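Right, one structure below, let's go through it.
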Amino acid sequence: MRDRLLAAEKVKAIDWRDGVLHLLDQRRLPFEETWIACATAADVALAIRSMAVRGASAIGISAAYGLVLAARARLAEGGDWQAAWEEDLALLADTRPTAAHLFWALNRMRDRLDRFKEPADPLSTLEAEARAIHESDREANLTMAQLGVDLIRKHQGNAQAILTHCNAGALATGGFGTALGVIRGAFLDGMVERVYANETRPSLQGSRLTAWELAGDGIAVTLNSDSAGAHVLKTKGVTWVIVGADCIAANGDVASKIGTYQLAVCAMHHGVRFMVVAPSSSIDMMLASGDEIPLEERDAEELLQVGGQRLGAAVDVFNPVFDVTPADLIDVIVTEKGIVERPDTAKLAQLMCRKRLH
Ligand code: MRU
């Protein structure tokens, strides 16, 4: 599976080259493949906030490289460079509040410096750590793909229909994707007949990104509006809903793209299994339940405009871009440390004590 997935790899959204972070501008996909060059931490923070780079893992990886750029600039300034570097860290942290992987990556970079109070070469130390964060995400994707495929095979090995929401693919991670990694693996094993992709209003990650990624892999994909989700589950023989996660609380509640919650309710009603695929770095054991997960709200214009044209009436707007799916609606959470069926606090605590499987 690992080798076949690696051989099938086509999309890459993050490229650290010659001391510059290159990001595929996801706002312009699928029509233009334009790359943005980020030379400063502020460039990276802007790319994250404006969603040029998006998806929890991709955000965390980009922010880690952003801290390498910050260190380079602050070291050149001299003086108490680490205090100034902390300001850059705060700037990067203040971009997307729900993406647990962002805070995990930033903390990991800070810990790396703290572990060696005065590393001989802080810049190389930080660059090596950012590369390690990037590479470990890629590895985690491969492990999760294998575990997810095994689950699909266990329940029903023949080709089937799967529904996904948002984009949890190569564009959202440092590898093949979380949810789309499993779907790609299942496709390579002949277990995917068709994928239904919710369009994912208002940023359209489903129609612009997921449909593009899957079609590029030759996987049969049908786009449907978010409002059609329940109808698709009822009428199209879907056996699994597979999604990624932006933050998972200690009790297994999952924050993911707005609309995921209603999909989980509908999946339970129709007896469709619900799988969440996310690296363990998305699990924040300090958050007792989903009620404590900060849910990002974005600009009203994202809802009022369609294709840059203002179509909505000028009224108050509520635009949360994530929601919380309660643990009791989730059949299984797949991580690189293993799977958790019917998640709860005890099972997640046990999982977090385990080593990675690769
Ligand atoms: O607002 P986005 O596009 O960053 O949201 C992304 C998602 O909701 C993904 O499903 C999630 O990050 C999991 S993939 C790593």
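FYI, nothing fancy with the structure tokens labels: chains A, B, ... in order, residues from 1 per chain, ligands from 1 as they appear.
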List as a PDB file with C-alpha atoms, in the first residue's frame the protein and nucleic acid residues near Asp284 (chain A), meaning an atom at most 10 Å away when only C-alpha atoms are counted, but skip any in the same chain fewer than 3 places from it.
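Ended up saving to selection18.pdb:
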ATOM      1  CA  ALA A 100      -4.969  22.303  16.669  1.00  0.00           C
ATOM      2  CA  HIS A 101      -2.105  21.192  14.442  1.00  0.00           C
ATOM      3  CA  PHE A 103      -0.545  25.243  17.887  1.00  0.00           C
ATOM      4  CA  TRP A 104       1.015  21.795  18.151  1.00  0.00           C
ATOM      5  CA  CYS A 247      -9.306  19.636  16.504  1.00  0.00           C
ATOM      6  CA  ILE A 248     -10.355  16.644  18.594  1.00  0.00           C
ATOM      7  CA  ALA A 249     -11.230  17.103  22.279  1.00  0.00           C
ATOM      8  CA  ALA A 250     -10.282  14.608  25.001  1.00  0.00           C
ATOM      9  CA  ASN A 251     -13.735  12.989  24.909  1.00  0.00           C
ATOM     10  CA  GLY A 252     -13.608  12.395  21.133  1.00  0.00           C
ATOM     11  CA  SER A 280      -2.839  12.524  16.883  1.00  0.00           C
ATOM     12  CA  SER A 281      -1.426  16.079  16.845  1.00  0.00           C
ATOM     13  CA  LEU A 287      -9.933  20.351  26.042  1.00  0.00           C
ATOM     14  CA  ALA A 288     -12.380  18.186  27.978  1.00  0.00           C
ATOM     15  CA  SER A 289     -15.090  18.320  25.317  1.00  0.00           C
ATOM     16  CA  ILE A 293     -12.851  24.037  21.134  1.00  0.00           C
ATOM     17  CA  MET A 352      -2.253   9.205  23.370  1.00  0.00           C
TER      18      MET A 352
END
Neighbour list for region 294-301 of chain A as a list in words, cut-off 6 Å, only C-alpha atoms, skip fewer than 2 positions in-chain:
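Returned residues: Pro97, Thr98, Leu303, Leu304, Gln305, Val317, Asn319, Pro320, Val321 and Phe322 of chain A.
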For the residues in that selection, give me N, CA and C atoms as an mmCIF file, in the first residue's frame.
data_model
loop_
_atom_site.group_PDB
_atom_site.id
_atom_site.type_symbol
_atom_site.label_atom_id
_atom_site.label_comp_id
_atom_site.auth_asym_id
_atom_site.auth_seq_id
_atom_site.Cartn_x
_atom_site.Cartn_y
_atom_site.Cartn_z
ATOM 1 N N PRO A 97 -7.870 29.899 14.525
ATOM 2 C CA PRO A 97 -7.978 29.435 15.922
ATOM 3 C C PRO A 97 -8.381 27.982 16.121
ATOM 4 N N THR A 98 -8.981 27.345 15.133
ATOM 5 C CA THR A 98 -9.491 25.977 15.372
ATOM 6 C C THR A 98 -8.462 24.900 15.046
ATOM 7 N N LEU A 303 -20.085 34.969 2.897
ATOM 8 C CA LEU A 303 -21.436 34.444 2.646
ATOM 9 C C LEU A 303 -22.234 35.350 1.719
ATOM 10 N N LEU A 304 -21.970 36.659 1.815
ATOM 11 C CA LEU A 304 -22.775 37.606 1.039
ATOM 12 C C LEU A 304 -22.378 37.639 -0.431
ATOM 13 N N GLN A 305 -21.110 37.250 -0.694
ATOM 14 C CA GLN A 305 -20.640 37.307 -2.080
ATOM 15 C C GLN A 305 -20.590 35.911 -2.700
ATOM 16 N N VAL A 317 -24.895 38.535 9.573
ATOM 17 C CA VAL A 317 -24.428 37.244 9.052
ATOM 18 C C VAL A 317 -23.763 36.451 10.177
ATOM 19 N N ASN A 319 -21.227 33.364 10.332
ATOM 20 C CA ASN A 319 -20.420 32.558 9.420
ATOM 21 C C ASN A 319 -19.362 31.725 10.168
ATOM 22 N N PRO A 320 -19.839 30.760 10.993
ATOM 23 C CA PRO A 320 -18.858 29.866 11.629
ATOM 24 C C PRO A 320 -18.322 28.934 10.556
ATOM 25 N N VAL A 321 -17.004 28.695 10.536
ATOM 26 C CA VAL A 321 -16.482 27.828 9.468
ATOM 27 C C VAL A 321 -16.123 26.420 9.975
ATOM 28 N N PHE A 322 -16.360 26.187 11.266
ATOM 29 C CA PHE A 322 -16.212 24.831 11.809
ATOM 30 C C PHE A 322 -17.385 24.545 12.732
#
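Take CA of Ala41 (chain A) and CA of Glu139 (chain A): the distance between them is 25.8 Å.
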Tell me which protein, DNA and RNA residues are within 6 Å of region 208-215 of chain A, counting only C-alpha atoms, leaving out same-chain ones fewer than 3 positions away, and put them as a list in words.
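That gives Pro30, Asn167, Leu204, Gln205, Gly218 and Ile219 of chain A.
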List as a PyMOL selection string the protein and nucleic acid residues lying within 6 Å of ligand 1, with only C-alpha atoms and all ligand atoms counted.
chain A and resi 54-57+166-168+172-173+178+244-246+256-257
Quick check for you: according to DSSP on this backbone, which residues of region 72-202 of chain A are classed as strand (DSSP E)? Reply as a list of chain:residue names.
A:Gln160, A:Ala161, A:Ile162, A:Leu163, A:Thr164, A:Val192, A:Glu193, A:Arg194, A:Val195, A:Tyr196, A:Ala197, A:Asn198
